[in-house]
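Working notes for the structure below.
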Protein chains: 2
Amino acid sequence: MAIEAPKKPQEDLAPAAAFSDAERAAIYRVIHARRDVRDEFLPDDVPREVLLRILDAAHHAPSVGFMQPWNFIIIRDVEKRRAASEAFRRACEAEEQALEPERRSLYRSLKLQGIMKAPLNICVTCDRARFGATGLGRSQQPNTDILSTACAVQNLWLAARAEGVGVGWVSILREADLHQIFNIPSEIAIVAYLCVGYVGKAYTSPELEVKRWASRLPLENLIFEESWGGLAASTNPP
Amino acid sequence: MAIEAPKKPQEDLAPAAAFSDAERAAIYRVIHARRDVRDEFLPDDVPREVLLRILDAAHHAPSVGFMQPWNFIIIRDVEKRRAASEAFRRACEAEEQALEPERRSLYRSLKLQGIMKAPLNICVTCDRARFGATGLGRSQQPNTDILSTACAVQNLWLAARAEGVGVGWVSILREADLHQIFNIPSEIAIVAYLCVGYVGKAYTSPELEVKRWASRLPLENLIFEESWGGLAASTNPP
């Protein structure tokens with residue numbers, strides 16, 4: 001890559017004030033209203049301009065060394081989705097065996113994916129050598145490219161929610177199956193397999209909380225001060 | 001964990017319409033205005049209630065099996081930050097050697113962290129065994145807990161930007177150094193080391209783009225249809 005002389009950075013700095021109360025409320029609302037959707041998908045097509053806005057949000061995620069390692073494979077084809085759905089079924093059977101026996105019947109009762117119900121699936125990948133093997137910020141923590149791609153998924157998810165579009169992340173899939181179904185080169189990492197479509201309704205709390213799989217942890221228990229285990233006296237709610 | 005009978009899920013579903021135009025504009029604005037901040041930090045303290053809103057946004061990220069594997073270590077202590085800064089310096093020297101020789105002088109000219117300048121550092125960790133070794137969604141893709149934690153970082157980052165607070169993610173740090181400085185048990189993974197503080201100004205484009213380290217890739221080149229390499233005819237902008 002040719003390297004030109006840097007521009008004067010002052011030209012590119014602008015005031016960065018807090019957003020208005022109304023804007024902040026919208027941002028917190030989308031963060032709190034985002035759900036992992038499995039069963040509430042409508043068959044309606046997601047228009048191209050909406051899809052592009054959502055993908056553009058993903059593309060504006062942070063990336064280590066501005067590497068932008070992601071690709072987005074848009075899947076509408078029923079046969080491809082059927083193959084993914086079949087791969088899910090096999091992975092799910094394997095996962096059930098890995099769970100504590102007393103949790104298996106609840107597990108079986110959960111709807112865990114909308115691969116066929118959602119009109120759109122998106123496979124989000126990470127090209128680990130996009131700008132060469134040793135980019136800025138990856139020599140000491142080589143997996144930061146994968147973390148960047150996860151940040152892109154979160155941007156995609158929030159933008160989608162704001163558009164009335166639900167997203168469900170299916171992690172009960174073997175990467176080797178996805179590589180094979182979608183012809184993904186072996187050196188490309190798969191970060192997320194997403195089900196995407198309009199939704200009529202959504203859960204008001206995480207579905208796994210509603211269905212008693214797990215409960216929300218109190219935030220104050222997750223905050224430490226100065227070092228691991230340090231009591232967060234000054235960050236407890238008033 | 002005791003498992004109670006699931007509630008009737010219908011009770012917990014509510015309409016999930018698209019957000020208003022003004023709300024969507026705020027959400028896209030924060031996604032596009034978020035920057036990796038290194039040098040624009042102001043010394044002003046971040047009030048407790050602001051910090052809690054930002055951490056609560058992180059805590060509302062998606063997590064595999066609703067595992068919520070994250071912890072947040074809030075670091076204000078100057079000696080601790082000095083130790084992190086020293087660890088950065090060592091990691092940076094090592095990274096420089098890993099780069100192509102022709103990029104080293106540009107690399108040296110970049111400001112890559114605000115560990116001492118930002119009044120607050122936050123180390124975000126992932127407890128990989130929070131609900132046991134084999135949670136829902138991790139038997140086939142064991143690293144999804146790390147990806148969930150990266151999604152929490154992205155929520156934190158967006159909420160911070162909306163509050164006028166800048167965040168910089170420092171990945172030029174050896175995890176072993178961070179484990180030692182902050183007394184983090186070896187089984188706890190470190191996902192992100194963040195510099196956090198109010199900012200007066202911010203770059204209007206990514207700083208690494210302004211300083212010609214890399215350029216934004218065209219989104220249309222990153223979208224495939226149906227399988228890897230599939231031409232995205234129908235998703236090209238009109």
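To be explicit about the labels: the chains of the structure tokens are called A, B, and onward in the order shown, and within each one the residues are counted from 1, while ligands get numbers from 1 in the order they are shown.
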>> At a cut-off of 12 Å, using only C-alpha atoms, what residues contact range 66-70 of chain A? Leave out same-chain residues fewer than 6 positions from it and give the result as a ChimeraX atom specification.
In response: /A:55-56,58-60,122-138,143-153,188-192 /B:35-36,205-224
Selected residues written out with C-alpha atoms, as an mmCIF file, in the first residue's frame:
data_model
loop_
_atom_site.group_PDB
_atom_site.id
_atom_site.type_symbol
_atom_site.label_atom_id
_atom_site.label_comp_id
_atom_site.auth_asym_id
_atom_site.auth_seq_id
_atom_site.Cartn_x
_atom_site.Cartn_y
_atom_site.Cartn_z
ATOM 1 C CA LEU A 55 -24.553 -3.514 6.614
ATOM 2 C CA ASP A 56 -23.098 -0.018 6.425
ATOM 3 C CA ALA A 58 -21.661 -2.977 10.584
ATOM 4 C CA HIS A 59 -18.946 -1.655 8.277
ATOM 5 C CA HIS A 60 -18.523 1.371 10.583
ATOM 6 C CA ILE A 122 -26.185 -13.437 6.914
ATOM 7 C CA CYS A 123 -22.872 -15.176 7.482
ATOM 8 C CA VAL A 124 -20.302 -12.727 8.853
ATOM 9 C CA THR A 125 -16.690 -13.723 8.262
ATOM 10 C CA CYS A 126 -13.229 -12.425 9.154
ATOM 11 C CA ASP A 127 -10.355 -12.341 6.660
ATOM 12 C CA ARG A 128 -7.443 -12.724 9.044
ATOM 13 C CA ALA A 129 -4.829 -11.640 6.516
ATOM 14 C CA ARG A 130 -6.672 -8.732 4.903
ATOM 15 C CA PHE A 131 -3.719 -6.351 5.074
ATOM 16 C CA GLY A 132 -1.007 -8.933 5.616
ATOM 17 C CA ALA A 133 -0.219 -11.178 8.530
ATOM 18 C CA THR A 134 1.001 -8.526 10.981
ATOM 19 C CA GLY A 135 -1.172 -5.453 11.074
ATOM 20 C CA LEU A 136 -1.092 -2.671 13.640
ATOM 21 C CA GLY A 137 -2.405 -3.864 17.018
ATOM 22 C CA ARG A 138 -2.290 -7.584 16.321
ATOM 23 C CA ASN A 143 -7.444 -12.282 17.876
ATOM 24 C CA THR A 144 -8.398 -8.625 17.856
ATOM 25 C CA ASP A 145 -9.498 -8.998 14.220
ATOM 26 C CA ILE A 146 -12.151 -11.472 15.379
ATOM 27 C CA LEU A 147 -13.203 -9.093 18.178
ATOM 28 C CA SER A 148 -13.518 -6.273 15.639
ATOM 29 C CA THR A 149 -15.834 -8.452 13.588
ATOM 30 C CA ALA A 150 -17.970 -9.143 16.672
ATOM 31 C CA CYS A 151 -18.268 -5.362 17.146
ATOM 32 C CA ALA A 152 -19.509 -5.164 13.548
ATOM 33 C CA VAL A 153 -22.181 -7.752 14.360
ATOM 34 C CA ILE A 188 -11.373 -17.248 6.409
ATOM 35 C CA ALA A 189 -12.816 -17.372 9.941
ATOM 36 C CA ILE A 190 -16.560 -17.533 10.494
ATOM 37 C CA VAL A 191 -17.634 -15.172 13.267
ATOM 38 C CA ALA A 192 -21.436 -15.189 13.170
ATOM 39 C CA ARG B 35 -13.997 7.028 17.176
ATOM 40 C CA ASP B 36 -11.028 5.232 18.657
ATOM 41 C CA SER B 205 -12.938 10.040 10.058
ATOM 42 C CA PRO B 206 -10.993 7.190 11.642
ATOM 43 C CA GLU B 207 -7.622 8.538 12.781
ATOM 44 C CA LEU B 208 -5.746 5.779 10.943
ATOM 45 C CA GLU B 209 -7.488 6.876 7.749
ATOM 46 C CA VAL B 210 -6.675 10.557 8.344
ATOM 47 C CA LYS B 211 -3.048 9.615 8.954
ATOM 48 C CA ARG B 212 -2.958 7.410 5.842
ATOM 49 C CA TRP B 213 -2.360 4.093 7.561
ATOM 50 C CA ALA B 214 -5.271 2.482 5.686
ATOM 51 C CA SER B 215 -8.364 3.484 3.709
ATOM 52 C CA ARG B 216 -12.039 2.639 4.130
ATOM 53 C CA LEU B 217 -12.937 -0.296 1.879
ATOM 54 C CA PRO B 218 -16.003 0.093 -0.372
ATOM 55 C CA LEU B 219 -18.895 -1.710 1.311
ATOM 56 C CA GLU B 220 -20.068 -3.292 -1.942
ATOM 57 C CA ASN B 221 -16.766 -5.176 -2.208
ATOM 58 C CA LEU B 222 -17.454 -6.847 1.134
ATOM 59 C CA ILE B 223 -20.904 -8.231 0.322
ATOM 60 C CA PHE B 224 -21.392 -11.627 -1.292
#
How close does each residue of chain B get to chain A, giving the shortest atom pair and distance in Å to one decimal for every residue with an atom at most 6 Å away, counting only C-alpha atoms, sorted by chain and residue number, as JSON lines?
{"residue": "B:Pro6", "atom": "CA", "partner": "A:Lys211", "partner_atom": "CA", "distance": 4.8}
{"residue": "B:Asp12", "atom": "CA", "partner": "A:Tyr203", "partner_atom": "CA", "distance": 5.4}
{"residue": "B:Leu13", "atom": "CA", "partner": "A:Tyr203", "partner_atom": "CA", "distance": 4.3}
{"residue": "B:Ala14", "atom": "CA", "partner": "A:Lys201", "partner_atom": "CA", "distance": 5.1}
{"residue": "B:Pro15", "atom": "CA", "partner": "A:Lys201", "partner_atom": "CA", "distance": 4.1}
{"residue": "B:Ala16", "atom": "CA", "partner": "A:Lys201", "partner_atom": "CA", "distance": 4.8}
{"residue": "B:Ala17", "atom": "CA", "partner": "A:Gly164", "partner_atom": "CA", "distance": 4.9}
{"residue": "B:Ala18", "atom": "CA", "partner": "A:Gly164", "partner_atom": "CA", "distance": 3.7}
{"residue": "B:Phe19", "atom": "CA", "partner": "A:Ala162", "partner_atom": "CA", "distance": 5.0}
{"residue": "B:Glu23", "atom": "CA", "partner": "A:Ala26", "partner_atom": "CA", "distance": 5.1}
{"residue": "B:Arg24", "atom": "CA", "partner": "A:Ala162", "partner_atom": "CA", "distance": 5.9}
{"residue": "B:Ala26", "atom": "CA", "partner": "A:Glu23", "partner_atom": "CA", "distance": 5.1}
{"residue": "B:Ile27", "atom": "CA", "partner": "A:Ile27", "partner_atom": "CA", "distance": 5.6}
{"residue": "B:Arg48", "atom": "CA", "partner": "A:Thr235", "partner_atom": "CA", "distance": 5.9}
{"residue": "B:Asn71", "atom": "CA", "partner": "A:Leu222", "partner_atom": "CA", "distance": 4.7}
{"residue": "B:Phe72", "atom": "CA", "partner": "A:Ile223", "partner_atom": "CA", "distance": 4.9}
{"residue": "B:Ile73", "atom": "CA", "partner": "A:Phe224", "partner_atom": "CA", "distance": 4.6}
{"residue": "B:Ile74", "atom": "CA", "partner": "A:Glu225", "partner_atom": "CA", "distance": 4.8}
{"residue": "B:Ile75", "atom": "CA", "partner": "A:Glu226", "partner_atom": "CA", "distance": 4.5}
{"residue": "B:Glu95", "atom": "CA", "partner": "A:Ser139", "partner_atom": "CA", "distance": 5.6}
{"residue": "B:Gly137", "atom": "CA", "partner": "A:Ile172", "partner_atom": "CA", "distance": 5.2}
{"residue": "B:Ser139", "atom": "CA", "partner": "A:Glu95", "partner_atom": "CA", "distance": 5.6}
{"residue": "B:Gln140", "atom": "CA", "partner": "A:Arg174", "partner_atom": "CA", "distance": 5.6}
{"residue": "B:Leu147", "atom": "CA", "partner": "A:Ala150", "partner_atom": "CA", "distance": 5.6}
{"residue": "B:Ala150", "atom": "CA", "partner": "A:Leu147", "partner_atom": "CA", "distance": 5.6}
{"residue": "B:Cys151", "atom": "CA", "partner": "A:Cys151", "partner_atom": "CA", "distance": 5.2}
{"residue": "B:Gln154", "atom": "CA", "partner": "A:Cys151", "partner_atom": "CA", "distance": 5.4}
{"residue": "B:Ala162", "atom": "CA", "partner": "A:Phe19", "partner_atom": "CA", "distance": 5.0}
{"residue": "B:Glu163", "atom": "CA", "partner": "A:Ala18", "partner_atom": "CA", "distance": 4.5}
{"residue": "B:Gly164", "atom": "CA", "partner": "A:Ala18", "partner_atom": "CA", "distance": 3.7}
{"residue": "B:Ser171", "atom": "CA", "partner": "A:Gly137", "partner_atom": "CA", "distance": 5.3}
{"residue": "B:Ile172", "atom": "CA", "partner": "A:Gly137", "partner_atom": "CA", "distance": 5.2}
{"residue": "B:Arg174", "atom": "CA", "partner": "A:Gln140", "partner_atom": "CA", "distance": 5.5}
{"residue": "B:Phe182", "atom": "CA", "partner": "A:Ser227", "partner_atom": "CA", "distance": 4.4}
{"residue": "B:Asn183", "atom": "CA", "partner": "A:Trp228", "partner_atom": "CA", "distance": 5.6}
{"residue": "B:Ile184", "atom": "CA", "partner": "A:Trp228", "partner_atom": "CA", "distance": 5.3}
{"residue": "B:Gly200", "atom": "CA", "partner": "A:Pro15", "partner_atom": "CA", "distance": 5.9}
{"residue": "B:Lys201", "atom": "CA", "partner": "A:Pro15", "partner_atom": "CA", "distance": 4.1}
{"residue": "B:Ala202", "atom": "CA", "partner": "A:Leu13", "partner_atom": "CA", "distance": 5.1}
{"residue": "B:Tyr203", "atom": "CA", "partner": "A:Leu13", "partner_atom": "CA", "distance": 4.3}
{"residue": "B:Thr204", "atom": "CA", "partner": "A:Asp12", "partner_atom": "CA", "distance": 5.6}
{"residue": "B:Lys211", "atom": "CA", "partner": "A:Pro6", "partner_atom": "CA", "distance": 4.7}
{"residue": "B:Arg212", "atom": "CA", "partner": "A:Pro6", "partner_atom": "CA", "distance": 5.9}
{"residue": "B:Leu222", "atom": "CA", "partner": "A:Asn71", "partner_atom": "CA", "distance": 4.7}
{"residue": "B:Ile223", "atom": "CA", "partner": "A:Phe72", "partner_atom": "CA", "distance": 4.9}
{"residue": "B:Phe224", "atom": "CA", "partner": "A:Ile73", "partner_atom": "CA", "distance": 4.6}
{"residue": "B:Glu225", "atom": "CA", "partner": "A:Ile74", "partner_atom": "CA", "distance": 4.8}
{"residue": "B:Glu226", "atom": "CA", "partner": "A:Ile75", "partner_atom": "CA", "distance": 4.5}
{"residue": "B:Ser227", "atom": "CA", "partner": "A:Phe182", "partner_atom": "CA", "distance": 4.4}
{"residue": "B:Trp228", "atom": "CA", "partner": "A:Ile184", "partner_atom": "CA", "distance": 5.3}
{"residue": "B:Thr235", "atom": "CA", "partner": "A:Arg48", "partner_atom": "CA", "distance": 6.0}
Extract the full set of helix (DSSP H, G or I) residues from range 71-173 of chain A according to DSSP on the backbone, and format it as a short mmCIF file (atom, residue, chain, number, x, y, z; two decimals) with C-alpha atoms, in the first residue's frame.
data_model
loop_
_atom_site.label_atom_id
_atom_site.label_comp_id
_atom_site.auth_asym_id
_atom_site.auth_seq_id
_atom_site.Cartn_x
_atom_site.Cartn_y
_atom_site.Cartn_z
CA VAL A 78 -33.96 -22.00 0.38
CA GLU A 79 -31.68 -24.95 -0.38
CA LYS A 80 -28.68 -23.23 1.20
CA ARG A 81 -30.74 -22.37 4.26
CA ARG A 82 -32.05 -25.92 4.43
CA ALA A 83 -28.46 -27.18 4.48
CA ALA A 84 -27.65 -24.76 7.31
CA SER A 85 -30.76 -25.84 9.15
CA GLU A 86 -29.72 -29.48 8.81
CA ALA A 87 -26.24 -28.61 10.12
CA PHE A 88 -27.93 -26.89 13.06
CA ARG A 89 -29.98 -30.01 13.83
CA ARG A 90 -26.85 -32.18 13.97
CA ALA A 91 -24.97 -29.64 16.12
CA CYS A 92 -27.93 -29.33 18.44
CA GLU A 93 -28.04 -33.08 19.05
CA ALA A 94 -24.35 -32.99 19.91
CA GLU A 95 -24.80 -30.00 22.20
CA GLU A 96 -27.65 -31.61 24.10
CA GLN A 97 -25.32 -34.42 25.08
CA ALA A 98 -22.80 -31.89 26.42
CA PRO A 101 -28.78 -34.06 32.13
CA GLU A 102 -31.27 -32.03 34.22
CA ARG A 103 -31.17 -29.15 31.73
CA ARG A 104 -31.79 -31.23 28.61
CA SER A 105 -35.57 -31.20 28.61
CA LEU A 106 -35.72 -27.39 28.99
CA TYR A 107 -33.08 -27.15 26.26
CA ARG A 108 -35.20 -29.28 23.93
CA SER A 109 -38.21 -27.04 24.56
CA THR A 144 -8.40 -8.62 17.86
CA ASP A 145 -9.50 -9.00 14.22
CA ILE A 146 -12.15 -11.47 15.38
CA LEU A 147 -13.20 -9.09 18.18
CA SER A 148 -13.52 -6.27 15.64
CA THR A 149 -15.83 -8.45 13.59
CA ALA A 150 -17.97 -9.14 16.67
CA CYS A 151 -18.27 -5.36 17.15
CA ALA A 152 -19.51 -5.16 13.55
CA VAL A 153 -22.18 -7.75 14.36
CA GLN A 154 -23.32 -5.66 17.31
CA ASN A 155 -23.60 -2.54 15.13
CA LEU A 156 -25.58 -4.56 12.58
CA TRP A 157 -27.87 -5.83 15.33
CA LEU A 158 -28.61 -2.38 16.78
CA ALA A 159 -29.22 -0.82 13.37
CA ALA A 160 -31.52 -3.69 12.46
CA ARG A 161 -33.57 -3.27 15.65
CA ALA A 162 -34.01 0.41 14.87
#
>> Can you pull out every residue from range 47-189 of chain B that DSSP, working from the backbone, puts in strand (DSSP E or B), and format the result as number ranges by chain?
In response: B: 70-75, 120-127, 130, 132, 165-169, 188-189
